[in-house]
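Source file final-v6.txt; content: compact mmCIF, C-alpha atoms and all ligand atoms.
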```txt
# COMPACT_ATOMS: atom_id res chain seq x y z
CA MET Q 1 -34.78 42.32 -27.54
CA ARG Q 2 -31.79 39.94 -27.54
CA LYS Q 3 -31.98 39.76 -31.32
CA ARG Q 4 -31.83 43.55 -31.64
CA LYS Q 5 -28.79 43.71 -29.32
CA GLN Q 6 -27.12 40.97 -31.35
CA LYS Q 7 -27.66 42.98 -34.57
CA GLN Q 8 -26.33 46.19 -33.00
CA LEU Q 9 -23.25 44.34 -31.76
CA THR Q 10 -22.61 42.77 -35.17
CA ARG Q 11 -22.94 46.19 -36.84
CA LYS Q 12 -20.48 47.68 -34.34
CA ILE Q 13 -17.90 44.91 -34.91
CA THR Q 14 -18.17 45.31 -38.69
CA THR Q 15 -17.76 49.08 -38.50
CA ILE Q 16 -14.82 49.06 -36.08
CA GLU Q 17 -12.84 46.26 -37.71
CA TYR Q 18 -13.32 47.00 -41.40
CA GLY Q 19 -14.33 50.67 -41.75
CA GLU Q 20 -17.74 51.95 -42.84
CA HIS Q 21 -16.94 52.49 -46.56
CA ASP Q 22 -15.33 49.22 -47.52
CA SER Q 23 -18.11 47.46 -49.50
CA GLU Q 24 -16.42 44.00 -49.49
CA ASN Q 25 -16.04 44.21 -45.74
CA LYS Q 26 -19.62 45.37 -45.46
CA ARG Q 27 -20.72 42.30 -47.44
CA LEU Q 28 -18.70 40.06 -45.11
CA GLY Q 29 -20.22 41.83 -42.13
CA CYS Q 30 -23.64 41.17 -43.55
CA ILE Q 31 -22.90 37.45 -43.96
CA PHE Q 32 -21.54 37.37 -40.40
CA SER Q 33 -24.68 39.11 -39.12
CA THR Q 34 -27.00 36.74 -40.97
CA THR Q 35 -25.04 33.73 -39.72
CA CYS Q 36 -25.34 35.05 -36.14
CA ASP Q 37 -29.08 35.53 -36.61
CA VAL Q 38 -29.53 32.03 -37.96
CA LEU Q 39 -27.44 30.51 -35.16
CA HIS Q 40 -29.33 32.54 -32.59
CA ILE Q 41 -32.75 31.47 -33.90
CA GLY Q 42 -31.52 27.87 -34.18
CA LEU Q 43 -30.27 27.92 -30.60
CA GLN Q 44 -33.48 29.46 -29.30
CA THR Q 45 -35.62 26.91 -31.16
CA ALA Q 46 -33.48 24.04 -29.90
CA ARG Q 47 -33.66 25.40 -26.34
CA ARG Q 48 -37.44 25.81 -26.65
CA SER Q 49 -37.97 22.30 -28.01
CA VAL Q 50 -35.72 20.73 -25.33
CA LYS Q 51 -37.72 22.63 -22.67
CA LYS Q 52 -40.98 21.47 -24.30
CA GLU Q 53 -39.74 17.88 -24.43
CA ILE Q 54 -38.68 17.91 -20.75
CA MET Q 55 -42.03 19.43 -19.73
CA SER Q 56 -43.88 16.85 -21.78
CA ILE Q 57 -41.96 13.98 -20.10
CA TYR Q 58 -42.58 15.55 -16.67
CA ARG Q 59 -46.33 15.94 -17.28
CA SER Q 60 -46.74 12.43 -18.69
CA THR Q 61 -44.82 10.82 -15.82
CA VAL Q 62 -46.69 12.69 -13.07
CA TRP Q 63 -49.99 11.98 -14.85
CA PHE Q 64 -49.32 8.24 -15.18
CA VAL Q 65 -48.35 7.88 -11.52
CA LYS Q 66 -51.51 9.79 -10.57
CA GLY Q 67 -53.52 7.55 -12.91
CA LEU Q 68 -52.23 4.35 -11.33
CA LYS Q 69 -53.42 5.61 -7.96
CA GLU Q 70 -56.70 7.29 -8.92
CA TYR Q 71 -57.96 6.24 -12.38
CA THR Q 72 -57.93 2.47 -11.90
CA LYS Q 73 -60.63 0.20 -10.50
CA GLN Q 74 -58.93 0.38 -7.10
CA GLY Q 75 -58.88 4.18 -7.39
CA TYR Q 76 -62.64 4.11 -7.94
CA LEU Q 77 -63.22 1.75 -4.99
CA ASN Q 78 -61.14 3.99 -2.71
CA ALA Q 79 -62.97 7.14 -3.84
CA SER Q 80 -66.41 5.53 -3.65
CA ARG Q 81 -66.03 5.06 0.13
CA SER Q 82 -66.85 8.72 0.52
CA PHE Q 83 -69.81 8.78 -1.92
CA ARG Q 84 -73.16 9.63 -0.38
CA PRO Q 85 -75.26 6.56 -1.17
CA ASN Q 86 -78.54 8.46 -1.65
CA ASP Q 87 -77.22 10.93 -4.23
CA LEU Q 88 -78.42 8.76 -7.10
CA ASP Q 89 -81.83 7.97 -5.63
CA VAL Q 90 -83.55 10.33 -8.00
CA ASP Q 91 -86.71 9.79 -10.01
CA VAL Q 92 -86.21 11.47 -13.36
CA THR Q 93 -89.55 10.53 -14.88
CA GLY Q 94 -90.52 13.08 -17.53
CA LYS Q 95 -87.02 14.60 -17.68
CA SER Q 96 -85.31 14.50 -21.03
CA PHE Q 97 -81.66 13.51 -21.60
CA MET Q 98 -79.62 13.55 -24.79
CA ILE Q 99 -76.48 11.39 -24.87
CA THR Q 100 -74.08 11.30 -27.80
CA GLY Q 101 -72.22 8.04 -28.40
CA ALA Q 102 -74.90 6.22 -26.38
CA ASN Q 103 -74.55 2.84 -28.08
CA SER Q 104 -71.35 1.80 -26.32
CA GLY Q 105 -69.20 1.99 -23.18
CA ILE Q 106 -69.77 4.90 -20.80
CA GLY Q 107 -72.54 6.48 -22.90
CA LYS Q 108 -74.56 3.26 -23.04
CA CYS Q 109 -74.20 2.63 -19.28
CA THR Q 110 -75.43 6.17 -18.61
CA ALA Q 111 -78.36 5.78 -21.02
CA LEU Q 112 -79.34 2.49 -19.35
CA ALA Q 113 -79.14 3.93 -15.83
CA ILE Q 114 -81.24 6.97 -16.77
CA ALA Q 115 -83.80 4.78 -18.58
CA LYS Q 116 -84.03 2.64 -15.41
CA LYS Q 117 -84.88 5.75 -13.44
CA GLY Q 118 -87.70 6.69 -15.82
CA GLY Q 119 -86.01 9.38 -17.91
CA ILE Q 120 -86.68 10.12 -21.58
CA VAL Q 121 -83.48 9.18 -23.38
CA HIS Q 122 -82.38 10.52 -26.77
CA MET Q 123 -79.51 8.37 -27.95
CA VAL Q 124 -77.39 10.09 -30.57
CA CYS Q 125 -75.39 7.49 -32.51
CA ARG Q 126 -73.70 7.33 -35.89
CA ASP Q 127 -74.38 3.71 -36.82
CA SER Q 128 -77.95 2.45 -37.31
CA ILE Q 129 -77.25 -1.19 -36.41
CA ARG Q 130 -75.09 -0.51 -33.33
CA GLY Q 131 -77.51 2.24 -32.28
CA GLU Q 132 -80.66 0.14 -32.71
CA ASP Q 133 -79.12 -2.89 -30.95
CA ALA Q 134 -78.27 -0.71 -27.94
CA ARG Q 135 -81.67 1.04 -27.94
CA LYS Q 136 -83.47 -2.32 -28.01
CA GLU Q 137 -81.26 -3.71 -25.22
CA ILE Q 138 -81.99 -0.66 -23.03
CA THR Q 139 -85.74 -0.80 -23.69
CA ASP Q 140 -85.87 -4.58 -23.12
CA THR Q 141 -83.87 -4.35 -19.89
CA THR Q 142 -85.71 -1.41 -18.37
CA GLY Q 143 -89.19 -1.60 -19.91
CA ASN Q 144 -88.84 2.14 -20.62
CA GLN Q 145 -90.43 2.90 -24.00
CA ASN Q 146 -89.17 6.50 -24.02
CA VAL Q 147 -85.77 5.63 -25.43
CA PHE Q 148 -85.21 7.10 -28.89
CA LEU Q 149 -82.44 6.65 -31.43
CA HIS Q 150 -81.19 9.55 -33.56
CA LEU Q 151 -78.61 8.89 -36.25
CA LEU Q 152 -75.91 11.53 -36.38
CA ASP Q 153 -72.19 11.64 -37.10
CA MET Q 154 -70.63 14.03 -34.60
CA SER Q 155 -67.78 14.86 -36.97
CA LYS Q 156 -70.18 16.57 -39.44
CA PRO Q 157 -71.02 20.10 -38.27
CA LYS Q 158 -73.73 20.74 -40.87
CA ASP Q 159 -75.59 17.52 -39.99
CA ILE Q 160 -75.34 18.42 -36.30
CA ALA Q 161 -76.83 21.87 -36.87
CA LYS Q 162 -79.66 20.34 -38.93
CA PHE Q 163 -80.31 17.68 -36.30
CA ALA Q 164 -80.51 20.33 -33.56
CA ALA Q 165 -82.80 22.56 -35.65
CA ASP Q 166 -85.13 19.60 -36.35
CA PHE Q 167 -85.09 18.64 -32.67
CA GLU Q 168 -86.14 22.17 -31.73
CA THR Q 169 -88.83 22.35 -34.41
CA SER Q 170 -90.29 19.04 -33.22
CA GLY Q 171 -91.09 20.75 -29.91
CA LYS Q 172 -89.28 18.15 -27.81
CA ASN Q 173 -87.85 19.33 -24.53
CA LEU Q 174 -84.35 18.76 -23.21
CA ASP Q 175 -83.13 18.98 -19.63
CA VAL Q 176 -79.65 17.52 -19.89
CA LEU Q 177 -77.20 17.34 -22.79
CA ILE Q 178 -74.35 14.85 -22.40
CA ASN Q 179 -71.52 15.28 -24.91
CA ASN Q 180 -70.01 11.82 -24.55
CA ALA Q 181 -69.11 10.72 -28.10
CA GLY Q 182 -65.37 10.77 -28.55
CA CYS Q 183 -62.62 9.29 -30.63
CA MET Q 184 -58.85 8.90 -30.74
CA VAL Q 185 -57.92 8.55 -34.38
CA ILE Q 186 -54.25 7.57 -34.44
CA VAL Q 187 -53.41 8.41 -38.07
CA ARG Q 188 -54.18 11.98 -39.17
CA GLU Q 189 -57.46 11.73 -41.07
CA LEU Q 190 -59.67 14.39 -42.60
CA THR Q 191 -63.46 14.43 -42.73
CA ASP Q 192 -65.31 15.17 -45.99
CA ASP Q 193 -65.30 18.82 -44.88
CA GLY Q 194 -61.49 18.72 -44.65
CA LEU Q 195 -61.50 18.94 -40.85
CA GLU Q 196 -59.09 16.84 -38.78
CA LYS Q 197 -61.22 13.94 -37.46
CA ASN Q 198 -60.39 14.11 -33.73
CA PHE Q 199 -60.91 17.86 -33.61
CA ALA Q 200 -64.12 17.64 -35.68
CA THR Q 201 -65.64 15.00 -33.37
CA ASN Q 202 -64.34 15.81 -29.91
CA THR Q 203 -64.23 19.59 -30.01
CA LEU Q 204 -66.12 21.20 -32.89
CA GLY Q 205 -68.93 18.61 -32.92
CA ALA Q 206 -69.58 19.05 -29.20
CA HIS Q 207 -69.49 22.83 -29.60
CA VAL Q 208 -71.92 22.90 -32.54
CA LEU Q 209 -74.36 20.56 -30.78
CA THR Q 210 -74.25 22.49 -27.50
CA THR Q 211 -74.62 25.95 -29.01
CA SER Q 212 -77.32 24.79 -31.46
CA LEU Q 213 -79.42 23.38 -28.60
CA LEU Q 214 -79.13 26.39 -26.29
CA SER Q 215 -82.64 27.68 -26.92
CA VAL Q 216 -84.15 24.24 -26.24
CA LEU Q 217 -82.06 23.85 -23.08
CA ASN Q 218 -82.97 27.31 -21.87
CA LYS Q 219 -86.63 26.29 -21.75
CA ALA Q 220 -85.84 23.65 -19.11
CA GLU Q 221 -86.14 24.44 -15.41
CA LYS Q 222 -82.60 23.51 -14.41
CA PRO Q 223 -80.75 22.62 -17.60
CA ARG Q 224 -77.38 20.91 -17.52
CA VAL Q 225 -74.62 20.39 -20.08
CA ILE Q 226 -71.90 17.82 -19.41
CA LEU Q 227 -68.80 17.08 -21.44
CA VAL Q 228 -67.03 13.77 -21.04
CA THR Q 229 -63.43 14.87 -21.18
CA SER Q 230 -60.38 12.90 -20.05
CA GLY Q 231 -57.70 13.16 -17.38
CA GLY Q 232 -55.35 12.82 -20.35
CA MET Q 233 -55.91 16.54 -20.93
CA LEU Q 234 -53.67 17.22 -17.92
CA VAL Q 235 -50.61 16.61 -20.12
CA GLN Q 236 -51.60 19.36 -22.54
CA LYS Q 237 -51.69 23.14 -22.57
CA LEU Q 238 -54.12 24.79 -24.96
CA ASP Q 239 -52.45 25.22 -28.35
CA LEU Q 240 -54.37 27.78 -30.37
CA LYS Q 241 -51.83 27.86 -33.18
CA ASP Q 242 -52.56 24.37 -34.42
CA LEU Q 243 -56.17 23.42 -33.71
CA GLN Q 244 -56.19 20.84 -36.48
CA PHE Q 245 -52.69 19.47 -35.97
CA GLU Q 246 -51.39 20.56 -39.36
CA LYS Q 247 -47.98 21.35 -37.84
CA MET Q 248 -47.75 18.28 -35.60
CA TYR Q 249 -44.80 16.24 -36.93
CA PRO Q 250 -45.03 13.34 -36.58
CA PHE Q 251 -48.80 13.27 -35.98
CA ASP Q 252 -49.52 11.85 -32.52
CA GLY Q 253 -53.17 10.79 -32.13
CA THR Q 254 -52.87 10.40 -28.34
CA MET Q 255 -51.63 13.97 -27.93
CA ALA Q 256 -54.20 15.30 -30.44
CA TYR Q 257 -56.92 13.62 -28.38
CA ALA Q 258 -55.48 15.04 -25.13
CA GLN Q 259 -55.41 18.51 -26.70
CA ASN Q 260 -59.10 18.15 -27.68
CA LYS Q 261 -59.90 17.06 -24.13
CA ARG Q 262 -58.07 20.15 -22.77
CA GLN Q 263 -60.21 22.23 -25.14
CA GLN Q 264 -63.37 20.61 -23.74
CA VAL Q 265 -62.38 21.66 -20.21
CA ILE Q 266 -61.96 25.27 -21.37
CA MET Q 267 -65.23 25.09 -23.33
CA THR Q 268 -67.00 23.98 -20.14
CA GLU Q 269 -65.59 26.98 -18.21
CA GLN Q 270 -66.58 29.35 -20.99
CA TYR Q 271 -70.10 27.88 -21.32
CA ALA Q 272 -70.53 28.33 -17.57
CA LYS Q 273 -69.52 31.96 -17.90
CA ASN Q 274 -71.54 32.70 -21.04
CA TYR Q 275 -74.71 30.75 -20.21
CA PRO Q 276 -75.34 31.31 -16.48
CA ASN Q 277 -78.78 29.61 -16.62
CA ILE Q 278 -77.21 26.31 -17.58
CA HIS Q 279 -75.25 24.18 -15.13
CA CYS Q 280 -72.14 23.09 -17.03
CA SER Q 281 -69.54 20.57 -15.99
CA CYS Q 282 -67.01 18.18 -17.43
CA MET Q 283 -65.69 14.93 -16.04
CA HIS Q 284 -63.05 12.24 -16.32
CA PRO Q 285 -64.38 8.66 -16.16
CA GLY Q 286 -61.06 7.19 -15.03
CA TRP Q 287 -59.53 4.35 -17.07
CA ALA Q 288 -62.49 2.19 -18.05
CA ASP Q 289 -62.52 -0.96 -20.15
CA THR Q 290 -64.44 0.15 -23.26
CA PRO Q 291 -64.10 -0.48 -27.03
CA ALA Q 292 -62.38 2.92 -27.41
CA VAL Q 293 -59.55 1.96 -25.06
CA ARG Q 294 -59.29 -1.54 -26.52
CA MET Q 295 -59.06 -0.27 -30.10
CA SER Q 296 -57.18 3.01 -29.83
CA MET Q 297 -54.71 2.03 -27.11
CA PRO Q 298 -54.22 -1.77 -27.50
CA SER Q 299 -50.90 -2.00 -25.63
CA PHE Q 300 -52.17 0.17 -22.73
CA HIS Q 301 -55.28 -2.01 -22.62
CA ALA Q 302 -53.25 -5.24 -22.65
CA LYS Q 303 -50.97 -4.07 -19.82
CA MET Q 304 -53.72 -2.53 -17.68
CA LYS Q 305 -56.74 -4.68 -18.37
CA ASP Q 306 -57.00 -6.21 -14.89
CA ARG Q 307 -56.81 -2.78 -13.30
CA LEU Q 308 -59.29 -0.97 -15.56
CA ARG Q 309 -62.65 0.19 -14.27
CA THR Q 310 -65.86 -1.35 -15.53
CA PRO Q 311 -67.82 0.94 -17.91
CA GLU Q 312 -70.41 1.34 -15.09
CA GLN Q 313 -67.71 2.61 -12.71
CA GLY Q 314 -66.50 4.95 -15.46
CA ALA Q 315 -70.05 6.23 -15.93
CA ASP Q 316 -70.78 6.80 -12.23
CA THR Q 317 -69.73 10.46 -12.05
CA LEU Q 318 -71.40 11.21 -15.37
CA LEU Q 319 -74.70 9.86 -14.04
CA TRP Q 320 -74.18 11.78 -10.78
CA LEU Q 321 -73.61 15.03 -12.70
CA ALA Q 322 -76.65 14.38 -14.90
CA ILE Q 323 -79.27 13.57 -12.27
CA SER Q 324 -78.21 14.35 -8.71
CA ASP Q 325 -79.22 17.43 -6.73
CA ALA Q 326 -75.79 17.29 -5.11
CA ALA Q 327 -74.14 18.09 -8.46
CA LEU Q 328 -76.28 21.20 -8.83
CA GLN Q 329 -74.98 22.45 -5.47
CA GLN Q 330 -71.53 22.72 -7.08
CA PRO Q 331 -70.56 25.82 -9.06
CA SER Q 332 -70.93 25.64 -12.82
CA GLY Q 333 -67.81 25.15 -14.99
CA LEU Q 334 -65.87 22.61 -12.92
CA PHE Q 335 -63.98 19.41 -13.77
CA PHE Q 336 -65.04 16.27 -11.85
CA GLN Q 337 -63.54 12.92 -11.02
CA ASP Q 338 -65.32 10.45 -8.76
CA ARG Q 339 -68.09 12.88 -7.75
CA THR Q 340 -65.55 15.50 -6.63
CA SER Q 341 -64.37 18.63 -8.38
CA VAL Q 342 -60.64 18.34 -8.97
CA SER Q 343 -57.84 20.52 -10.29
CA LYS Q 344 -57.65 21.12 -14.03
CA HIS Q 345 -53.85 21.20 -13.89
CA LEU Q 346 -51.01 19.05 -12.58
CA PRO Q 347 -48.69 20.77 -10.09
CA LEU Q 348 -45.89 22.80 -11.75
CA ALA Q 349 -47.02 21.69 -15.20
CA TRP Q 350 -47.28 25.15 -16.82
CA SER Q 351 -50.47 24.10 -18.58
CA LYS Q 352 -52.62 27.14 -17.76
CA SER Q 353 -53.78 29.32 -20.63
CA THR Q 354 -54.70 32.98 -20.32
CA LYS Q 355 -58.21 34.42 -20.26
CA GLN Q 356 -57.52 35.88 -23.72
CA GLU Q 357 -56.42 32.50 -25.08
CA ASP Q 358 -59.53 30.82 -23.69
CA GLU Q 359 -61.75 33.44 -25.26
CA GLN Q 360 -59.83 33.12 -28.50
CA LEU Q 361 -60.57 29.38 -28.53
CA MET Q 362 -64.29 30.09 -28.29
CA ALA Q 363 -64.06 32.74 -31.01
CA SER Q 364 -62.26 30.25 -33.28
CA LEU Q 365 -64.89 27.58 -32.59
CA ASP Q 366 -67.70 30.04 -33.30
CA GLU Q 367 -65.99 31.04 -36.53
CA LEU Q 368 -65.51 27.41 -37.61
CA SER Q 369 -69.12 26.62 -36.63
CA LYS Q 370 -70.31 29.45 -38.86
CA GLN Q 371 -68.06 28.32 -41.68
CA TYR Q 372 -68.91 24.61 -41.56
CA SER Q 373 -72.40 24.33 -40.11
CA THR Q 374 -74.42 27.20 -41.55
CA LEU Q 375 -77.61 25.73 -42.97
CA SER Q 376 -78.46 26.97 -46.46
N1 LIG Q 401 -62.80 4.60 -21.38
C1 LIG Q 401 -61.93 5.41 -20.82
O1 LIG Q 401 -61.02 4.97 -20.10
C2 LIG Q 401 -62.03 6.88 -21.03
C3 LIG Q 401 -61.11 7.69 -20.36
C4 LIG Q 401 -61.20 9.07 -20.54
C5 LIG Q 401 -62.21 9.58 -21.35
N2 LIG Q 401 -63.07 8.77 -22.02
C6 LIG Q 401 -64.10 9.38 -22.85
O2 LIG Q 401 -65.33 8.75 -22.64
C7 LIG Q 401 -66.17 8.94 -23.78
C8 LIG Q 401 -66.85 7.63 -24.14
O3 LIG Q 401 -65.86 6.72 -24.57
P1 LIG Q 401 -65.88 5.18 -24.15
O4 LIG Q 401 -64.63 4.92 -23.43
O5 LIG Q 401 -67.17 4.82 -23.56
O6 LIG Q 401 -65.67 4.49 -25.58
P2 LIG Q 401 -66.68 3.76 -26.57
O7 LIG Q 401 -67.38 2.68 -25.86
O8 LIG Q 401 -65.91 3.41 -27.77
O9 LIG Q 401 -67.72 4.91 -26.89
C9 LIG Q 401 -67.46 5.96 -27.75
C10 LIG Q 401 -68.77 6.34 -28.36
O10 LIG Q 401 -68.56 7.50 -29.18
C11 LIG Q 401 -69.15 7.24 -30.43
N3 LIG Q 401 -68.57 8.03 -31.50
C12 LIG Q 401 -67.28 8.14 -31.87
N4 LIG Q 401 -67.15 8.95 -32.92
C13 LIG Q 401 -68.40 9.35 -33.23
C14 LIG Q 401 -68.95 10.20 -34.24
N5 LIG Q 401 -68.19 10.76 -35.17
N6 LIG Q 401 -70.29 10.41 -34.25
C15 LIG Q 401 -71.09 9.83 -33.33
N7 LIG Q 401 -70.64 9.02 -32.37
C16 LIG Q 401 -69.31 8.79 -32.33
C17 LIG Q 401 -68.92 5.75 -30.65
O11 LIG Q 401 -69.74 5.28 -31.69
P3 LIG Q 401 -69.37 3.91 -32.48
O12 LIG Q 401 -69.76 2.79 -31.57
O13 LIG Q 401 -70.20 4.02 -33.70
O14 LIG Q 401 -67.92 3.95 -32.75
C18 LIG Q 401 -69.30 5.24 -29.28
O15 LIG Q 401 -70.69 5.17 -29.16
C19 LIG Q 401 -65.28 9.49 -24.87
O16 LIG Q 401 -65.48 10.88 -25.02
C20 LIG Q 401 -63.87 9.22 -24.35
O17 LIG Q 401 -62.95 10.15 -24.83
C21 LIG Q 401 -63.00 7.42 -21.87
```

If you took the structure in this file and wrote it as structure tokens, what would it be?
Ligand SMILES: NC(=O)c1ccc[n+]([C@@H]2O[C@H](COP(=O)([O-])OP(=O)(O)OC[C@H]3O[C@@H](n4cnc5c(N)ncnc54)[C@H](OP(=O)(O)O)[C@@H]3O)[C@@H](O)[C@H]2O)c1
Amino acid sequence: MRKRKQKQLTRKITTIEYGEHDSENKRLGCIFSTTCDVLHIGLQTARRSVKKEIMSIYRSTVWFVKGLKEYTKQGYLNASRSFRPNDLDVDVTGKSFMITGANSGIGKCTALAIAKKGGIVHMVCRDSIRGEDARKEITDTTGNQNVFLHLLDMSKPKDIAKFAADFETSGKNLDVLINNAGCMVIVRELTDDGLEKNFATNTLGAHVLTTSLLSVLNKAEKPRVILVTSGGMLVQKLDLKDLQFEKMYPFDGTMAYAQNKRQQVIMTEQYAKNYPNIHCSCMHPGWADTPAVRMSMPSFHAKMKDRLRTPEQGADTLLWLAISDAALQQPSGLFFQDRTSVSKHLPLAWSKSTKQEDEQLMASLDELSKQYSTLS
């Protein structure tokens, strides 16, 4: 609108000052008009990027202050005072759980706790040695022989679709799917498929696995799907224009990761809406001392290490969402922290996307799934 007015004004000035028929003056008018356009666009872009920068600083500051209070070990201890102690007294014998990234950190703690309670555990891991070491440790500690290792790289959509198809064909049942595997790759890296690694693992991989296992999950009595997201997503608004961070200059792995985690929160809401038979939720573990934090955020880890949660504390809400009856009393599609559903947005952060944008994300993920995971 402003641009059109600007053009009209420029045309008027040219006509009044130089006369309609003077071609040299017309040429000058044209240069003047183009210069105005360029300046106008430049100004708008600069204004937009300053606004974006200020918003980004605001969100990160508010988030960090919130984190110091809530995401630390002390935050967990404070929150745990209002936990109901019997919520986790559940016998899950015969129930089947699939956990991605189950060889380490939060995923391994969850696998161990479920195995202790008698559940059948399908550990989905990408490395045979790390996976087998963890499987053996869980079986040795709990005496539960129903702990199985599946080798799968969550950044490879075709392998995920094949794994899910084989799982279904084998006739195994599944009550709870836990999408826990996650990464924060700091330098922009592409998979063999040409997908950006963080997006391929955190977003597309979780989507392909979840949607490929729907028919197995739907056979369960009260199926659940859980996504391990991150409170880091609070600093991001969904950005549909750059799902694979091709336009992110310079590439910022922390922000790419946070964007993926925002996408997981929206995916959870959309799964809840689209698959009403499945109880879907996502959660933030808090800041827990795990290999991911140590390796991907070494300076954060060094500064915060005495205040970080143990992996068990980080896994507490995940376990609660996976096994407790109390979790099923909550509506599907929510975001949890310390056994409580919490807001998906910081106050005044302008991070909400529209219904259309959320649906567009799912359409893009479905399209990419079709493109990259169709089995020939
Ligand atoms: N720790 C925290 O403070 C924190 C905070 C917010 C959110 N989270 C989320 O919590 C989840 C678990 O992370 P964690 O902190 O427990 O870290 P972790 O101990 O490093 O666990 C990450 C797991 O994901 C697996 N993984 C990564 N990429 C994979 C791929 N392409 N295919 C299969 N598995 C893959 C890792 O396997 P390898 O061992 O083979 O690498 C590992 O088992 C992640 O989704 C993370 O984003 C953690």

Polymer residues at most 7 Å from Q:Thr100, all atoms listed in the file, same-chain spacing of 3 or more positions, as number ranges by chain: Q: 123-125, 178-181

Do you know which residues are at most 8 Å from Q:Gly67 counting all atoms listed in the file, after dropping those on the same chain fewer than 4 positions away, and could you put them as a tab-separated table (two decimals) with C-alpha atoms, in the frame of the given file?
```tsv
chain	number	residue	atom	x	y	z
Q	63	TRP	CA	-49.99	11.98	-14.85
Q	71	TYR	CA	-57.96	6.24	-12.38
Q	72	THR	CA	-57.93	2.47	-11.90
Q	286	GLY	CA	-61.06	7.19	-15.03
Q	287	TRP	CA	-59.53	4.35	-17.07
```

List all protein, DNA and RNA residues that have an atom no more than 6 Å from any atom of ligand LIG 401 (chain Q), counting only C-alpha atoms and all ligand atoms, and report them as a tab-separated table (two decimals) with C-alpha atoms, keeping the file's coordinate frame.
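That gives us pocket.tsv:
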```
chain	number	residue	atom	x	y	z
Q	101	GLY	CA	-72.22	8.04	-28.40
Q	102	ALA	CA	-74.90	6.22	-26.38
Q	103	ASN	CA	-74.55	2.84	-28.08
Q	104	SER	CA	-71.35	1.80	-26.32
Q	105	GLY	CA	-69.20	1.99	-23.18
Q	106	ILE	CA	-69.77	4.90	-20.80
Q	107	GLY	CA	-72.54	6.48	-22.90
Q	125	CYS	CA	-75.39	7.49	-32.51
Q	126	ARG	CA	-73.70	7.33	-35.89
Q	127	ASP	CA	-74.38	3.71	-36.82
Q	152	LEU	CA	-75.91	11.53	-36.38
Q	153	ASP	CA	-72.19	11.64	-37.10
Q	154	MET	CA	-70.63	14.03	-34.60
Q	155	SER	CA	-67.78	14.86	-36.97
Q	180	ASN	CA	-70.01	11.82	-24.55
Q	181	ALA	CA	-69.11	10.72	-28.10
Q	182	GLY	CA	-65.37	10.77	-28.55
Q	183	CYS	CA	-62.62	9.29	-30.63
Q	201	THR	CA	-65.64	15.00	-33.37
Q	228	VAL	CA	-67.03	13.77	-21.04
Q	229	THR	CA	-63.43	14.87	-21.18
Q	230	SER	CA	-60.38	12.90	-20.05
Q	284	HIS	CA	-63.05	12.24	-16.32
Q	285	PRO	CA	-64.38	8.66	-16.16
Q	286	GLY	CA	-61.06	7.19	-15.03
Q	287	TRP	CA	-59.53	4.35	-17.07
Q	288	ALA	CA	-62.49	2.19	-18.05
Q	289	ASP	CA	-62.52	-0.96	-20.15
Q	290	THR	CA	-64.44	0.15	-23.26
Q	291	PRO	CA	-64.10	-0.48	-27.03
Q	292	ALA	CA	-62.38	2.92	-27.41
Q	293	VAL	CA	-59.55	1.96	-25.06
```

Top pick for closest residue to Q:Ser332, considering Q:Glu367, Q:Glu269, Q:Asp316, Q:Glu132 and counting all atoms listed in the file: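 Selected residue with least distance to Q:Ser332: Q:Glu269.
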
Selection near stretch 333-346 of chain Q, 9 Å with only C-alpha atoms, sequence-local residues under 3 positions removed, as JSON, numbers by chain: {"Q": [59, 62, 63, 71, 76, 79, 80, 83, 229, 231, 233, 234, 235, 262, 265, 266, 267, 268, 269, 270, 271, 272, 273, 279, 280, 281, 282, 283, 284, 285, 286, 314, 316, 317, 318, 320, 321, 327, 330, 349, 350, 351, 352]}

My structure is short of atoms at stretch 309-316 of chain Q; please model N, CA and C atoms there, returning them as an mmCIF file, in the coordinates of the input.
```cif
data_model
loop_
_atom_site.group_PDB
_atom_site.id
_atom_site.type_symbol
_atom_site.label_atom_id
_atom_site.label_comp_id
_atom_site.auth_asym_id
_atom_site.auth_seq_id
_atom_site.Cartn_x
_atom_site.Cartn_y
_atom_site.Cartn_z
ATOM 1 N N ARG Q 309 -61.304 0.119 -14.839
ATOM 2 C CA ARG Q 309 -62.650 0.190 -14.270
ATOM 3 C C ARG Q 309 -63.643 -0.503 -15.211
ATOM 4 N N THR Q 310 -64.781 -0.895 -14.663
ATOM 5 C CA THR Q 310 -65.860 -1.350 -15.530
ATOM 6 C C THR Q 310 -66.465 -0.098 -16.175
ATOM 7 N N PRO Q 311 -67.167 -0.233 -17.312
ATOM 8 C CA PRO Q 311 -67.820 0.940 -17.910
ATOM 9 C C PRO Q 311 -68.800 1.602 -16.924
ATOM 10 N N GLU Q 312 -69.458 0.785 -16.079
ATOM 11 C CA GLU Q 312 -70.410 1.340 -15.090
ATOM 12 C C GLU Q 312 -69.666 2.235 -14.096
ATOM 13 N N GLN Q 313 -68.496 1.783 -13.650
ATOM 14 C CA GLN Q 313 -67.710 2.610 -12.710
ATOM 15 C C GLN Q 313 -67.260 3.897 -13.415
ATOM 16 N N GLY Q 314 -66.893 3.762 -14.688
ATOM 17 C CA GLY Q 314 -66.500 4.950 -15.460
ATOM 18 C C GLY Q 314 -67.648 5.927 -15.622
ATOM 19 N N ALA Q 315 -68.882 5.388 -15.690
ATOM 20 C CA ALA Q 315 -70.050 6.230 -15.930
ATOM 21 C C ALA Q 315 -70.626 6.841 -14.655
ATOM 22 N N ASP Q 316 -70.156 6.394 -13.498
ATOM 23 C CA ASP Q 316 -70.780 6.800 -12.230
ATOM 24 C C ASP Q 316 -70.845 8.326 -12.062
#
```
